[in-house]
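Asks: mmCIF, C-alpha atoms, saved as final20.cif, coming up:
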data_upload
#
loop_
_atom_site.group_PDB
_atom_site.id
_atom_site.type_symbol
_atom_site.label_atom_id
_atom_site.label_comp_id
_atom_site.auth_asym_id
_atom_site.auth_seq_id
_atom_site.Cartn_x
_atom_site.Cartn_y
_atom_site.Cartn_z
ATOM 1 C CA MET U 1 -92.260 6.046 -66.262
ATOM 2 C CA ASN U 2 -90.126 8.024 -63.827
ATOM 3 C CA LYS U 3 -91.519 8.183 -60.310
ATOM 4 C CA ILE U 4 -92.268 11.718 -59.134
ATOM 5 C CA GLY U 5 -91.677 12.900 -55.570
ATOM 6 C CA ILE U 6 -91.656 15.982 -53.397
ATOM 7 C CA HIS U 7 -89.566 17.128 -50.455
ATOM 8 C CA PHE U 8 -91.529 17.137 -47.226
ATOM 9 C CA GLY U 9 -90.379 20.678 -46.409
ATOM 10 C CA TYR U 10 -92.715 22.133 -49.044
ATOM 11 C CA PHE U 11 -95.677 21.696 -46.705
ATOM 12 C CA ASN U 12 -93.992 22.636 -43.413
ATOM 13 C CA ARG U 13 -92.550 25.589 -41.546
ATOM 14 C CA ASP U 14 -90.486 23.338 -39.249
ATOM 15 C CA TRP U 15 -88.563 20.142 -39.966
ATOM 16 C CA ASP U 16 -90.418 18.089 -37.343
ATOM 17 C CA THR U 17 -93.736 17.017 -38.838
ATOM 18 C CA ASP U 18 -96.557 14.475 -38.819
ATOM 19 C CA PHE U 19 -95.202 12.074 -41.421
ATOM 20 C CA ILE U 20 -98.346 9.961 -41.547
ATOM 21 C CA ARG U 21 -100.417 13.027 -42.414
ATOM 22 C CA GLN U 22 -97.879 13.916 -45.095
ATOM 23 C CA ILE U 23 -98.005 10.446 -46.603
ATOM 24 C CA ASP U 24 -101.771 10.752 -46.971
ATOM 25 C CA GLN U 25 -101.349 14.231 -48.442
ATOM 26 C CA VAL U 26 -98.783 13.352 -51.124
ATOM 27 C CA LYS U 27 -100.725 10.225 -52.082
ATOM 28 C CA ARG U 28 -103.881 12.300 -52.590
ATOM 29 C CA ILE U 29 -102.003 14.843 -54.717
ATOM 30 C CA GLY U 30 -100.586 12.098 -56.936
ATOM 31 C CA PHE U 31 -96.963 11.648 -55.890
ATOM 32 C CA ASP U 32 -95.046 8.364 -55.788
ATOM 33 C CA ILE U 33 -92.311 9.502 -53.388
ATOM 34 C CA LEU U 34 -92.003 11.541 -50.213
ATOM 35 C CA GLU U 35 -88.474 12.808 -49.686
ATOM 36 C CA VAL U 36 -87.597 13.107 -45.999
ATOM 37 C CA ALA U 37 -84.705 14.257 -43.817
ATOM 38 C CA PRO U 38 -83.074 11.900 -41.306
ATOM 39 C CA ALA U 39 -82.881 14.245 -38.293
ATOM 40 C CA PRO U 40 -86.645 14.448 -37.544
ATOM 41 C CA LEU U 41 -86.959 10.676 -37.876
ATOM 42 C CA MET U 42 -84.032 10.099 -35.503
ATOM 43 C CA LYS U 43 -86.068 11.811 -32.778
ATOM 44 C CA LEU U 44 -88.806 9.181 -33.079
ATOM 45 C CA SER U 45 -88.828 5.698 -31.618
ATOM 46 C CA LYS U 46 -88.263 2.647 -33.772
ATOM 47 C CA GLU U 47 -91.932 1.745 -33.236
ATOM 48 C CA GLN U 48 -93.025 5.162 -34.507
ATOM 49 C CA ARG U 49 -90.806 4.836 -37.574
ATOM 50 C CA GLU U 50 -92.205 1.365 -38.258
ATOM 51 C CA GLU U 51 -95.732 2.779 -38.058
ATOM 52 C CA ILE U 52 -94.803 5.480 -40.581
ATOM 53 C CA ALA U 53 -93.181 2.901 -42.865
ATOM 54 C CA GLY U 54 -96.270 0.696 -42.651
ATOM 55 C CA CYS U 55 -98.527 3.581 -43.607
ATOM 56 C CA ALA U 56 -96.323 4.423 -46.584
ATOM 57 C CA LYS U 57 -96.356 0.822 -47.765
ATOM 58 C CA GLU U 58 -100.164 0.694 -47.563
ATOM 59 C CA GLN U 59 -100.408 3.913 -49.583
ATOM 60 C CA GLY U 60 -97.782 2.883 -52.123
ATOM 61 C CA ILE U 61 -95.508 5.790 -51.229
ATOM 62 C CA GLU U 62 -91.728 5.369 -51.289
ATOM 63 C CA PHE U 63 -89.225 7.281 -49.176
ATOM 64 C CA THR U 64 -86.031 8.876 -50.393
ATOM 65 C CA PHE U 65 -83.693 10.510 -47.876
ATOM 66 C CA SER U 66 -82.121 13.930 -48.334
ATOM 67 C CA VAL U 67 -79.673 15.502 -45.896
ATOM 68 C CA GLY U 68 -77.978 18.818 -45.331
ATOM 69 C CA LEU U 69 -75.160 17.930 -42.962
ATOM 70 C CA GLY U 70 -74.696 20.321 -40.049
ATOM 71 C CA LYS U 71 -71.276 21.765 -39.313
ATOM 72 C CA GLU U 72 -71.013 19.364 -36.373
ATOM 73 C CA TYR U 73 -71.079 16.515 -38.938
ATOM 74 C CA ASP U 74 -68.818 18.047 -41.576
ATOM 75 C CA LEU U 75 -67.142 15.162 -43.411
ATOM 76 C CA ALA U 76 -64.491 17.557 -44.762
ATOM 77 C CA SER U 77 -63.655 19.162 -41.411
ATOM 78 C CA PRO U 78 -60.004 19.414 -40.315
ATOM 79 C CA ASP U 79 -61.255 18.159 -36.927
ATOM 80 C CA GLU U 80 -61.117 14.358 -36.904
ATOM 81 C CA GLN U 81 -63.790 14.085 -34.205
ATOM 82 C CA ILE U 82 -66.242 16.100 -36.313
ATOM 83 C CA ARG U 83 -65.560 13.859 -39.304
ATOM 84 C CA LYS U 84 -66.109 10.767 -37.152
ATOM 85 C CA ALA U 85 -69.387 12.245 -35.896
ATOM 86 C CA GLY U 86 -70.463 12.836 -39.489
ATOM 87 C CA ILE U 87 -69.635 9.270 -40.467
ATOM 88 C CA GLN U 88 -71.588 7.915 -37.494
ATOM 89 C CA PHE U 89 -74.577 10.170 -38.255
ATOM 90 C CA THR U 90 -74.628 8.820 -41.805
ATOM 91 C CA LEU U 91 -74.357 5.201 -40.695
ATOM 92 C CA ASP U 92 -77.175 5.782 -38.184
ATOM 93 C CA THR U 93 -79.259 7.198 -41.039
ATOM 94 C CA PHE U 94 -78.614 4.050 -43.065
ATOM 95 C CA GLU U 95 -80.091 1.998 -40.223
ATOM 96 C CA ILE U 96 -83.249 4.126 -40.246
ATOM 97 C CA MET U 97 -83.444 3.839 -44.023
ATOM 98 C CA GLN U 98 -83.371 0.064 -43.746
ATOM 99 C CA GLU U 99 -86.159 0.173 -41.155
ATOM 100 C CA MET U 100 -88.245 2.264 -43.547
ATOM 101 C CA GLY U 101 -87.466 0.441 -46.781
ATOM 102 C CA SER U 102 -85.470 3.238 -48.451
ATOM 103 C CA THR U 103 -82.327 2.848 -50.558
ATOM 104 C CA MET U 104 -81.725 6.407 -51.832
ATOM 105 C CA TYR U 105 -79.581 8.790 -49.757
ATOM 106 C CA SER U 106 -78.705 12.169 -51.219
ATOM 107 C CA GLY U 107 -78.219 15.857 -50.540
ATOM 108 C CA VAL U 108 -75.325 17.876 -49.141
ATOM 109 C CA ASP U 109 -73.775 14.685 -47.834
ATOM 110 C CA ILE U 110 -70.027 15.093 -48.430
ATOM 111 C CA GLY U 111 -69.528 18.204 -46.283
ATOM 112 C CA ALA U 112 -71.450 20.752 -44.250
ATOM 113 C CA TRP U 113 -74.493 22.514 -45.694
ATOM 114 C CA ASN U 114 -74.646 26.329 -45.631
ATOM 115 C CA GLN U 115 -70.966 26.425 -44.669
ATOM 116 C CA THR U 116 -68.569 27.961 -47.176
ATOM 117 C CA TYR U 117 -65.067 29.399 -47.040
ATOM 118 C CA SER U 118 -64.832 32.660 -45.121
ATOM 119 C CA TYR U 119 -61.747 33.723 -47.088
ATOM 120 C CA GLY U 120 -60.538 33.540 -50.658
ATOM 121 C CA VAL U 121 -59.043 30.199 -51.676
ATOM 122 C CA LEU U 122 -57.033 28.965 -54.632
ATOM 123 C CA ASP U 123 -56.864 25.318 -53.599
ATOM 124 C CA LYS U 124 -59.508 23.146 -51.912
ATOM 125 C CA SER U 125 -57.644 19.856 -52.305
ATOM 126 C CA ALA U 126 -57.215 19.398 -48.537
ATOM 127 C CA GLU U 127 -60.978 19.605 -47.955
ATOM 128 C CA TRP U 128 -61.594 17.251 -50.863
ATOM 129 C CA LYS U 129 -59.074 14.745 -49.506
ATOM 130 C CA ARG U 130 -60.699 14.671 -46.071
ATOM 131 C CA SER U 131 -64.187 14.425 -47.556
ATOM 132 C CA VAL U 132 -63.219 11.638 -49.969
ATOM 133 C CA GLU U 133 -61.617 9.631 -47.167
ATOM 134 C CA SER U 134 -64.765 10.030 -45.038
ATOM 135 C CA VAL U 135 -67.076 8.994 -47.862
ATOM 136 C CA LYS U 136 -64.879 6.001 -48.745
ATOM 137 C CA GLU U 137 -65.411 4.767 -45.194
ATOM 138 C CA ILE U 138 -69.170 5.324 -45.458
ATOM 139 C CA MET U 139 -69.439 3.567 -48.814
ATOM 140 C CA LYS U 140 -68.409 0.240 -47.276
ATOM 141 C CA SER U 141 -71.710 0.255 -45.391
ATOM 142 C CA ALA U 142 -73.680 1.673 -48.326
ATOM 143 C CA GLU U 143 -72.502 -1.165 -50.549
ATOM 144 C CA GLU U 144 -73.317 -3.790 -47.909
ATOM 145 C CA LYS U 145 -76.828 -2.392 -47.414
ATOM 146 C CA GLY U 146 -77.597 -1.732 -51.083
ATOM 147 C CA ILE U 147 -77.899 2.025 -50.579
ATOM 148 C CA THR U 148 -77.282 4.499 -53.388
ATOM 149 C CA TYR U 149 -75.363 7.536 -52.103
ATOM 150 C CA ALA U 150 -75.914 10.508 -54.392
ATOM 151 C CA VAL U 151 -73.603 13.518 -54.137
ATOM 152 C CA GLU U 152 -75.568 16.729 -54.689
ATOM 153 C CA VAL U 153 -74.097 19.388 -56.938
ATOM 154 C CA VAL U 154 -74.845 22.537 -54.929
ATOM 155 C CA ASN U 155 -74.450 26.240 -55.668
ATOM 156 C CA ARG U 156 -71.509 28.267 -54.365
ATOM 157 C CA TYR U 157 -73.573 29.955 -51.642
ATOM 158 C CA GLU U 158 -74.479 26.694 -49.884
ATOM 159 C CA SER U 159 -71.297 24.655 -50.267
ATOM 160 C CA SER U 160 -67.693 25.115 -51.369
ATOM 161 C CA LEU U 161 -66.878 21.525 -52.274
ATOM 162 C CA VAL U 162 -68.749 20.446 -55.417
ATOM 163 C CA ASN U 163 -70.509 23.158 -57.432
ATOM 164 C CA THR U 164 -70.697 21.704 -60.944
ATOM 165 C CA ALA U 165 -71.409 18.414 -62.684
ATOM 166 C CA GLU U 166 -67.788 18.315 -63.831
ATOM 167 C CA GLU U 167 -66.536 18.596 -60.253
ATOM 168 C CA ALA U 168 -68.980 15.901 -59.144
ATOM 169 C CA MET U 169 -67.694 13.485 -61.782
ATOM 170 C CA ASP U 170 -64.147 14.087 -60.547
ATOM 171 C CA TYR U 171 -65.213 13.631 -56.925
ATOM 172 C CA ILE U 172 -67.016 10.301 -57.379
ATOM 173 C CA SER U 173 -64.129 8.949 -59.461
ATOM 174 C CA ARG U 174 -61.807 9.578 -56.496
ATOM 175 C CA VAL U 175 -64.079 7.632 -54.141
ATOM 176 C CA GLY U 176 -64.506 4.810 -56.619
ATOM 177 C CA SER U 177 -67.645 3.081 -55.359
ATOM 178 C CA PRO U 178 -70.335 1.596 -57.650
ATOM 179 C CA ASN U 179 -72.968 2.845 -55.199
ATOM 180 C CA LEU U 180 -71.798 6.455 -55.357
ATOM 181 C CA LYS U 181 -73.842 8.511 -57.828
ATOM 182 C CA ILE U 182 -74.649 12.161 -58.534
ATOM 183 C CA LEU U 183 -77.677 14.303 -57.741
ATOM 184 C CA LEU U 184 -78.318 17.195 -60.101
ATOM 185 C CA ASP U 185 -80.787 19.913 -59.117
ATOM 186 C CA THR U 186 -82.205 22.436 -61.574
ATOM 187 C CA TYR U 187 -82.192 25.197 -58.937
ATOM 188 C CA HIS U 188 -78.443 24.854 -58.414
ATOM 189 C CA MET U 189 -77.722 24.124 -62.087
ATOM 190 C CA ASN U 190 -79.397 27.410 -63.020
ATOM 191 C CA ILE U 191 -76.700 29.220 -61.011
ATOM 192 C CA GLU U 192 -73.604 27.180 -61.818
ATOM 193 C CA GLU U 193 -73.863 25.300 -65.124
ATOM 194 C CA ASP U 194 -73.268 26.687 -68.617
ATOM 195 C CA SER U 195 -75.854 24.305 -70.029
ATOM 196 C CA PHE U 196 -78.533 22.091 -68.477
ATOM 197 C CA GLU U 197 -78.282 19.661 -71.379
ATOM 198 C CA GLN U 198 -74.502 19.391 -71.329
ATOM 199 C CA ALA U 199 -74.371 18.897 -67.554
ATOM 200 C CA ILE U 200 -76.967 16.117 -67.637
ATOM 201 C CA LYS U 201 -75.276 14.374 -70.556
ATOM 202 C CA LEU U 202 -71.849 14.702 -68.910
ATOM 203 C CA VAL U 203 -73.110 12.875 -65.823
ATOM 204 C CA GLY U 204 -74.947 10.285 -67.924
ATOM 205 C CA ASP U 205 -75.397 6.944 -66.192
ATOM 206 C CA LYS U 206 -73.840 8.346 -63.005
ATOM 207 C CA LEU U 207 -77.034 10.346 -62.422
ATOM 208 C CA GLY U 208 -78.660 8.655 -59.445
ATOM 209 C CA HIS U 209 -81.253 11.239 -58.398
ATOM 210 C CA PHE U 210 -82.728 14.429 -59.851
ATOM 211 C CA HIS U 211 -84.243 17.474 -58.138
ATOM 212 C CA VAL U 212 -86.457 19.973 -59.916
ATOM 213 C CA GLY U 213 -87.775 23.446 -59.175
ATOM 214 C CA GLU U 214 -87.925 26.927 -60.598
ATOM 215 C CA PRO U 215 -85.102 29.489 -60.076
ATOM 216 C CA ASN U 216 -87.120 31.137 -57.260
ATOM 217 C CA ARG U 217 -87.862 27.715 -55.693
ATOM 218 C CA ARG U 218 -91.461 27.537 -56.846
ATOM 219 C CA PRO U 219 -92.717 24.146 -58.122
ATOM 220 C CA PRO U 220 -91.917 23.328 -61.770
ATOM 221 C CA SER U 221 -94.310 25.099 -64.109
ATOM 222 C CA THR U 222 -94.863 25.824 -67.784
ATOM 223 C CA ASN U 223 -95.185 29.456 -66.640
ATOM 224 C CA GLY U 224 -91.745 29.410 -65.026
ATOM 225 C CA ARG U 225 -88.298 30.256 -66.399
ATOM 226 C CA MET U 226 -86.687 26.824 -66.457
ATOM 227 C CA PRO U 227 -86.167 25.294 -69.934
ATOM 228 C CA TRP U 228 -88.124 22.138 -69.140
ATOM 229 C CA ASP U 229 -88.033 20.869 -72.721
ATOM 230 C CA GLU U 230 -84.221 21.028 -72.768
ATOM 231 C CA ILE U 231 -84.009 19.395 -69.331
ATOM 232 C CA THR U 232 -86.431 16.529 -69.971
ATOM 233 C CA LEU U 233 -85.040 15.832 -73.446
ATOM 234 C CA ALA U 234 -81.567 15.506 -71.916
ATOM 235 C CA LEU U 235 -82.885 13.140 -69.227
ATOM 236 C CA LYS U 236 -84.478 10.995 -71.918
ATOM 237 C CA ALA U 237 -81.286 11.101 -74.000
ATOM 238 C CA ILE U 238 -79.309 9.497 -71.156
ATOM 239 C CA GLN U 239 -82.205 7.073 -70.517
ATOM 240 C CA TYR U 240 -82.636 8.288 -66.961
ATOM 241 C CA GLU U 241 -85.071 6.011 -65.123
ATOM 242 C CA GLY U 242 -84.627 7.296 -61.577
ATOM 243 C CA ALA U 243 -86.807 9.518 -59.446
ATOM 244 C CA ILE U 244 -87.611 13.149 -60.213
ATOM 245 C CA VAL U 245 -88.190 14.935 -56.912
ATOM 246 C CA MET U 246 -89.483 18.487 -56.505
ATOM 247 C CA GLU U 247 -87.801 20.657 -53.902
ATOM 248 C CA PRO U 248 -89.966 23.791 -53.777
ATOM 249 C CA PHE U 249 -89.869 26.142 -50.803
ATOM 250 C CA ILE U 250 -92.245 29.104 -51.033
ATOM 251 C CA LYS U 251 -93.422 29.937 -47.498
ATOM 252 C CA MET U 252 -91.738 32.232 -44.996
ATOM 253 C CA GLY U 253 -91.159 31.414 -41.367
ATOM 254 C CA GLY U 254 -89.969 28.655 -39.062
ATOM 255 C CA GLU U 255 -86.899 26.454 -39.399
ATOM 256 C CA VAL U 256 -87.540 25.730 -43.074
ATOM 257 C CA GLY U 257 -87.791 29.381 -44.081
ATOM 258 C CA ARG U 258 -84.673 30.192 -42.058
ATOM 259 C CA ASP U 259 -82.522 27.359 -43.400
ATOM 260 C CA ILE U 260 -83.644 27.685 -47.032
ATOM 261 C CA LYS U 261 -83.505 31.493 -46.762
ATOM 262 C CA VAL U 262 -87.054 32.300 -47.774
ATOM 263 C CA TRP U 263 -87.330 35.977 -46.866
ATOM 264 C CA ARG U 264 -90.611 36.764 -48.627
ATOM 265 C CA ASP U 265 -93.879 34.976 -49.275
ATOM 266 C CA ILE U 266 -93.018 33.413 -52.621
ATOM 267 C CA SER U 267 -96.423 31.681 -52.565
ATOM 268 C CA LYS U 268 -98.150 35.084 -52.682
ATOM 269 C CA GLY U 269 -100.589 34.086 -49.989
ATOM 270 C CA ALA U 270 -101.393 30.628 -51.392
ATOM 271 C CA SER U 271 -103.610 28.452 -49.220
ATOM 272 C CA GLN U 272 -102.719 24.826 -48.482
ATOM 273 C CA GLU U 273 -105.203 23.773 -51.150
ATOM 274 C CA GLU U 274 -103.610 26.114 -53.691
ATOM 275 C CA MET U 275 -100.140 24.838 -52.815
ATOM 276 C CA GLU U 276 -101.340 21.290 -53.403
ATOM 277 C CA GLY U 277 -102.731 22.431 -56.744
ATOM 278 C CA LEU U 278 -99.359 23.862 -57.796
ATOM 279 C CA ALA U 279 -97.709 20.555 -56.925
ATOM 280 C CA ALA U 280 -100.352 18.546 -58.827
ATOM 281 C CA ASP U 281 -99.883 20.747 -61.911
ATOM 282 C CA ALA U 282 -96.131 20.156 -61.711
ATOM 283 C CA ILE U 283 -96.631 16.364 -61.648
ATOM 284 C CA HIS U 284 -98.802 16.572 -64.748
ATOM 285 C CA MET U 285 -96.284 18.756 -66.584
ATOM 286 C CA LEU U 286 -93.307 16.530 -65.772
ATOM 287 C CA HIS U 287 -95.098 13.317 -66.732
ATOM 288 C CA LYS U 288 -96.225 14.857 -70.015
ATOM 289 C CA LYS U 289 -92.779 16.107 -70.971
ATOM 290 C CA MET U 290 -91.028 12.868 -69.986
ATOM 291 C CA GLN U 291 -93.470 10.899 -72.156
ATOM 292 C CA GLN U 292 -93.327 13.106 -75.267
#
What does the file become when written as structure tokens?
Replies:
Amino acid sequence: MNKIGIHFGYFNRDWDTDFIRQIDQVKRIGFDILEVAPAPLMKLSKEQREEIAGCAKEQGIEFTFSVGLGKEYDLASPDEQIRKAGIQFTLDTFEIMQEMGSTMYSGVDIGAWNQTYSYGVLDKSAEWKRSVESVKEIMKSAEEKGITYAVEVVNRYESSLVNTAEEAMDYISRVGSPNLKILLDTYHMNIEEDSFEQAIKLVGDKLGHFHVGEPNRRPPSTNGRMPWDEITLALKAIQYEGAIVMEPFIKMGGEVGRDIKVWRDISKGASQEEMEGLAADAIHMLHKKMQQ
């Protein structure tokens, strides 16, 4: 059975949070995984991170790491110092992952998040070349530490580098590391792919991580617009055994609302209890469809 997770931002208005409280929360709802971002954890002491890791182990909750690299860490930047800073940030994250028992690193991790071209382009080979060279350097450490590095296929409004499954397959082939995989996300696929099924089957055994959510970033639902039967049947067809992690963002305000661009109350006034209920319903739906 695929383990089901949720991104920690669903419950927060700001990225800094009480991780121990969140571990208890996701355990109670019925999740197996809490997906976290490295930056808030970097602000904590090693002792604090060890306490969080110990709590997660007691509760049977795993961590996966998801990043949206800032422009100061852009691995595709023409500025060598920025690329070096991005490589170091990633290597520092790997150290924290080892402290906390995590082996899955994913997200907008090959270039800057929410940074796209400001002019029309016909050729992005220079950016690809710089990004590939940066990631090749990073993969030496990922392979040594047993970390899977999943490249997220992101829509055109959040990244210019890799927008489709086809591009992602080309990208990882250029890096050439066994630990480099692909992250597909239904929210982004809904914008960019011709077919959910074809994209999933194209990636096949290179699929290392999978994000789910509705087109408006609500939790997965039988009342939503995503073709969950098509999606889950394709995952089963490629014998995907990895994690399925929800990435819903439905509350306005704070750093999360700003960065994800939530400009209205998508939750329609949902209380914390109601938000937990939506997440629990999504777990039930995904388990049911993956087992049919």
Asks: Determine, counting all atoms listed in the file, every residue of protein, DNA or RNA that lies within 10 Å of (-97.8, 23.1, -60.6) in the file coordinates, then give the result as a list in words.
Replies: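 Here is the list of nearby residues: Arg218, Pro219, Pro220, Ser221, Thr222, Asn223, Gly224, Glu274, Met275, Glu276, Gly277, Leu278, Ala279, Ala280, Asp281, Ala282, Ile283, His284, Met285 and Leu286 of chain U.
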Asks: Run the PyMOL selection byres ((chain U and resi 140) around 12) against the file shown and list the residues it catches, as a list in words.
Replies: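 Residues picked by the PyMOL selection byres ((chain U and resi 140) around 12): Ile87, Thr90, Leu91, Phe94, Glu133, Ser134, Val135, Lys136, Glu137, Ile138, Met139, Ser141, Ala142, Glu143, Glu144, Lys145, Gly146, Ile147, Thr148, Tyr149, Val175, Gly176, Ser177, Pro178, Asn179 and Leu180 of chain U.
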Asks: Please tell me which residues are no farther than 12 Å from (-98.7, 13.5, -55.2) in the file, counting all atoms listed in the file, and write them as a ChimeraX atom specification.
Replies: /U:3-8,22-35,59-62,245-246,275-284
Asks: For the residues in the current selection, export C-alpha atoms as a compact mmCIF listing (two decimals), in the frame of the given file.
Replies:
# COMPACT_ATOMS: atom_id res chain seq x y z
CA LYS U 3 -91.52 8.18 -60.31
CA ILE U 4 -92.27 11.72 -59.13
CA GLY U 5 -91.68 12.90 -55.57
CA ILE U 6 -91.66 15.98 -53.40
CA HIS U 7 -89.57 17.13 -50.46
CA PHE U 8 -91.53 17.14 -47.23
CA GLN U 22 -97.88 13.92 -45.10
CA ILE U 23 -98.00 10.45 -46.60
CA ASP U 24 -101.77 10.75 -46.97
CA GLN U 25 -101.35 14.23 -48.44
CA VAL U 26 -98.78 13.35 -51.12
CA LYS U 27 -100.72 10.22 -52.08
CA ARG U 28 -103.88 12.30 -52.59
CA ILE U 29 -102.00 14.84 -54.72
CA GLY U 30 -100.59 12.10 -56.94
CA PHE U 31 -96.96 11.65 -55.89
CA ASP U 32 -95.05 8.36 -55.79
CA ILE U 33 -92.31 9.50 -53.39
CA LEU U 34 -92.00 11.54 -50.21
CA GLU U 35 -88.47 12.81 -49.69
CA GLN U 59 -100.41 3.91 -49.58
CA GLY U 60 -97.78 2.88 -52.12
CA ILE U 61 -95.51 5.79 -51.23
CA GLU U 62 -91.73 5.37 -51.29
CA VAL U 245 -88.19 14.94 -56.91
CA MET U 246 -89.48 18.49 -56.50
CA MET U 275 -100.14 24.84 -52.82
CA GLU U 276 -101.34 21.29 -53.40
CA GLY U 277 -102.73 22.43 -56.74
CA LEU U 278 -99.36 23.86 -57.80
CA ALA U 279 -97.71 20.56 -56.92
CA ALA U 280 -100.35 18.55 -58.83
CA ASP U 281 -99.88 20.75 -61.91
CA ALA U 282 -96.13 20.16 -61.71
CA ILE U 283 -96.63 16.36 -61.65
CA HIS U 284 -98.80 16.57 -64.75
Asks: Check which residues satisfy the PyMOL selection byres ((chain U and resi 155-172) around 9) in the file shown, then give them as a count of residues only.
Replies: 41
Asks: Hey, can you check how far CA of Ala243 in chain U sits from CA of Lys201 in chain U?
Replies: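 Separating CA of Ala243 in chain U from CA of Lys201 in chain U is a distance of 16.7 Å.
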Asks: How far is it from CA of Asp265 in chain U to CA of Pro248 in chain U, in Å with one decimal?
Replies: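 These two atoms are separated by 12.7 Å.
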Asks: Do you know which residues are at most 7 Å from range 44-58 of chain U counting all atoms listed in the file, after dropping those on the same chain fewer than 6 positions away, and could you put them as a PyMOL selection string?
Replies: chain U and resi 19-20+23+99-100
Asks: Which residues fall under the PyMOL selection byres ((chain U and resi 67) around 7) in this file, as a PyMOL selection string?
Replies: chain U and resi 37-38+65-66+68-69+106-109
Asks: With distances taken over all atoms listed in the file, which residue among U:Gly213, U:Ala234, U:Ala150, U:Val36 lies nearest Phe11 in chain U?
Replies: U:Val36
Asks: Looking at only C-alpha atoms, which of U:Asn2, U:Ile250, U:Glu255, U:His287 is the one that sits closest to Gly269 in chain U?
Replies: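 Of U:Asn2, U:Ile250, U:Glu255, U:His287, the one nearest Gly269 in chain U is U:Ile250, counting only C-alpha atoms.
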Asks: Separation of CA of Gly9 in chain U and CA of Ser77 in chain U, in Å?
Replies: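 The value is 27.2 Å.
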